[in-house]
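These notes are about the structure you will find just below.
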Amino acid sequence: MMGSNAVVVRALIAAAACAACAAWPAAAQTPAGVTVIEDIRFASVDGHDLLLDLYLPAEAAGAPLLVWVHGGGWSRGARKPVSTLAFVEAGYAMASVDYRLSGVAPFPAQIHDLKSAIRFLRAQASAYGYDARRIGILGVSAGAHLAALVATTNGDTRLEGDVGGHLDQSSDVAAAVSYFGASNLTTILDQSTPFGLNIRVPGLEALFGGPPDEKTDLAELASPVFHVDRGDPPLLLLHGDQDPQMPINQSHELHGAYKALGLNVHFEVVHGARHGGEAFFDRARTELVTSFLDSHLRGG
């Protein structure tokens, strides 16, 4: 029989997960003129199909491409619905992609899957009409952590993997946006509130296949701050200063690592915001993100 403490912890985790989902924007409605191509298989691993949904703007020919990475504590969540399609309205193609959750496969499976999706999307650019010479990646929460890890490991063979093939294609990205994500999985527990620990401890144990203090090599490998170098792409960080789940210091750490090397980075503190919510996808923040993407993915 499950102990009472375990029951309480699981209940707290479930309640926190529900609270987080409730705080995020409702499913985005597909704007007029946007074409949606669903359930495109980009890889299959051990009988597990990995799919993506592609959102094409009204003028798809030559549109820059964005990769959207969902959140969910690495253990849950799905590629649909996405939080916003405003970037598609602004003329970007966007792919919302699967990755294996921690209950299916431990780290680094998640990053192998995302890099596979990027290689696949580059290989298929001519079929769908978008421009994959420069790709941006965006993620929320755990998806933001993975997006930042993709960005800071451009060309890193340790995390490339061979999922899905297309190894002749690059998995590099040219810009990254992190919405309230993690960046240092060796410090996150020390920074977390008791509420946050109820989520992060089991989440990290599932991701690493054991307690993070016993999986220090994996925790470092999975932490964007340990990969930052002078070749990393521009980065935009958005984080609420009242986030009870993902410590804002996680974004401060990645911001600091970028600043220390003089890299292109902007940190937008969303005052009063918690873990997600409309404040991250309102008109002002959407314009900020769109301007950032335009400056690094268009032209040239």
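Ligands are numbered from 1 in the order shown, chains are lettered A, B, ... in the order of the structure tokens, and residues start at 1 in each chain.
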*Might you pull out every residue within 9 Å of Phe292 (chain A), with only C-alpha atoms counted and same-chain residues fewer than 3 positions away left off, and present them as a PyMOL selection string?*
chain A and resi 175+177+234-236+287-289+295-297
Write the residues of the selection above to a file with N, CA and C atoms, as an mmCIF file, in the first residue's frame.
data_model
loop_
_atom_site.group_PDB
_atom_site.id
_atom_site.type_symbol
_atom_site.label_atom_id
_atom_site.label_comp_id
_atom_site.auth_asym_id
_atom_site.auth_seq_id
_atom_site.Cartn_x
_atom_site.Cartn_y
_atom_site.Cartn_z
ATOM 1 N N ALA A 175 18.294 31.464 -33.282
ATOM 2 C CA ALA A 175 17.757 32.313 -32.217
ATOM 3 C C ALA A 175 16.914 31.441 -31.300
ATOM 4 N N VAL A 177 14.057 31.531 -27.757
ATOM 5 C CA VAL A 177 13.225 32.255 -26.797
ATOM 6 C C VAL A 177 12.830 31.288 -25.694
ATOM 7 N N PRO A 234 21.605 34.281 -30.502
ATOM 8 C CA PRO A 234 20.904 35.252 -29.661
ATOM 9 C C PRO A 234 19.791 34.583 -28.849
ATOM 10 N N LEU A 235 19.572 35.125 -27.647
ATOM 11 C CA LEU A 235 18.637 34.518 -26.704
ATOM 12 C C LEU A 235 17.757 35.587 -26.076
ATOM 13 N N LEU A 236 16.459 35.292 -26.001
ATOM 14 C CA LEU A 236 15.497 36.135 -25.292
ATOM 15 C C LEU A 236 14.885 35.314 -24.165
ATOM 16 N N GLU A 287 4.889 41.481 -29.318
ATOM 17 C CA GLU A 287 5.640 42.397 -30.172
ATOM 18 C C GLU A 287 7.132 42.337 -29.845
ATOM 19 N N LEU A 288 7.462 42.215 -28.564
ATOM 20 C CA LEU A 288 8.865 42.099 -28.162
ATOM 21 C C LEU A 288 9.501 40.853 -28.773
ATOM 22 N N VAL A 289 8.817 39.720 -28.644
ATOM 23 C CA VAL A 289 9.362 38.467 -29.173
ATOM 24 C C VAL A 289 9.441 38.509 -30.701
ATOM 25 N N SER A 295 14.695 40.345 -36.066
ATOM 26 C CA SER A 295 16.049 40.880 -36.165
ATOM 27 C C SER A 295 17.082 39.808 -36.414
ATOM 28 N N HIS A 296 16.752 38.559 -36.098
ATOM 29 C CA HIS A 296 17.754 37.487 -36.220
ATOM 30 C C HIS A 296 17.407 36.418 -37.249
ATOM 31 N N LEU A 297 16.175 36.412 -37.732
ATOM 32 C CA LEU A 297 15.765 35.353 -38.664
ATOM 33 C C LEU A 297 15.364 35.861 -40.040
#
Within 12 Å of region 178-186 of chain A, which residues of region 29-132 of chain A come that close, and what is the closest atom pair and distance in Å for each? Count only C-alpha atoms and give it as JSON lines.
{"residue": "A:Trp68", "atom": "CA", "partner": "A:Ser178", "partner_atom": "CA", "distance": 10.5}
{"residue": "A:Val69", "atom": "CA", "partner": "A:Ser178", "partner_atom": "CA", "distance": 9.9}
{"residue": "A:His70", "atom": "CA", "partner": "A:Tyr179", "partner_atom": "CA", "distance": 10.5}
{"residue": "A:Gly71", "atom": "CA", "partner": "A:Gly181", "partner_atom": "CA", "distance": 9.0}
{"residue": "A:Gly72", "atom": "CA", "partner": "A:Gly181", "partner_atom": "CA", "distance": 11.1}
{"residue": "A:Gly73", "atom": "CA", "partner": "A:Gly181", "partner_atom": "CA", "distance": 10.2}
{"residue": "A:Trp74", "atom": "CA", "partner": "A:Ala182", "partner_atom": "CA", "distance": 11.4}
{"residue": "A:Ser83", "atom": "CA", "partner": "A:Tyr179", "partner_atom": "CA", "distance": 11.1}
*With a distance cut-off of 9 Å and only C-alpha atoms, select the neighbouring residues of Ala117 (chain A), excluding the residue or stretch itself and same-chain residues fewer than 6 positions from it, and output the selection as an NGL selection string.*
:A and (42-43 or 50-52 or 67 or 97-99 or 163-164 or 171)
With only C-alpha atoms as the counted atoms, please give the residues lying no more than 9 Å from region 260-264 of chain A, apart from itself and same-chain residues fewer than 5 positions off, as a PDB file with C-alpha atoms, in the first residue's frame.
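See out-v4.pdb below for the written result:
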ATOM      1  CA  VAL A 228      27.337  28.554 -23.205  1.00  0.00           C
ATOM      2  CA  ASP A 229      30.159  29.577 -25.525  1.00  0.00           C
ATOM      3  CA  ARG A 230      30.951  32.392 -27.936  1.00  0.00           C
ATOM      4  CA  GLY A 231      29.219  30.674 -30.836  1.00  0.00           C
ATOM      5  CA  ASP A 232      25.779  30.551 -29.228  1.00  0.00           C
ATOM      6  CA  PRO A 233      22.808  32.205 -30.953  1.00  0.00           C
ATOM      7  CA  PRO A 234      20.904  35.252 -29.661  1.00  0.00           C
ATOM      8  CA  LEU A 235      18.637  34.518 -26.704  1.00  0.00           C
ATOM      9  CA  LEU A 236      15.497  36.135 -25.292  1.00  0.00           C
ATOM     10  CA  HIS A 255      21.397  35.630 -18.689  1.00  0.00           C
TER      11      HIS A 255
END
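Note that CA of Leu65 (chain A) and CA of Ser126 (chain A) are 12.4 Å apart.
With only C-alpha atoms as the atoms that count, the residue of A:Ile40, A:His239, A:Arg298, A:Pro247 with the shortest distance to Val269 (chain A) is A:His239.
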*Can you pull out every residue within 10 Å of Leu149 (chain A), counting only C-alpha atoms, but drop anything in the same chain fewer than 6 positions away, and send it as number ranges by chain?*
A: 111, 143, 159, 176, 182-183, 221-228
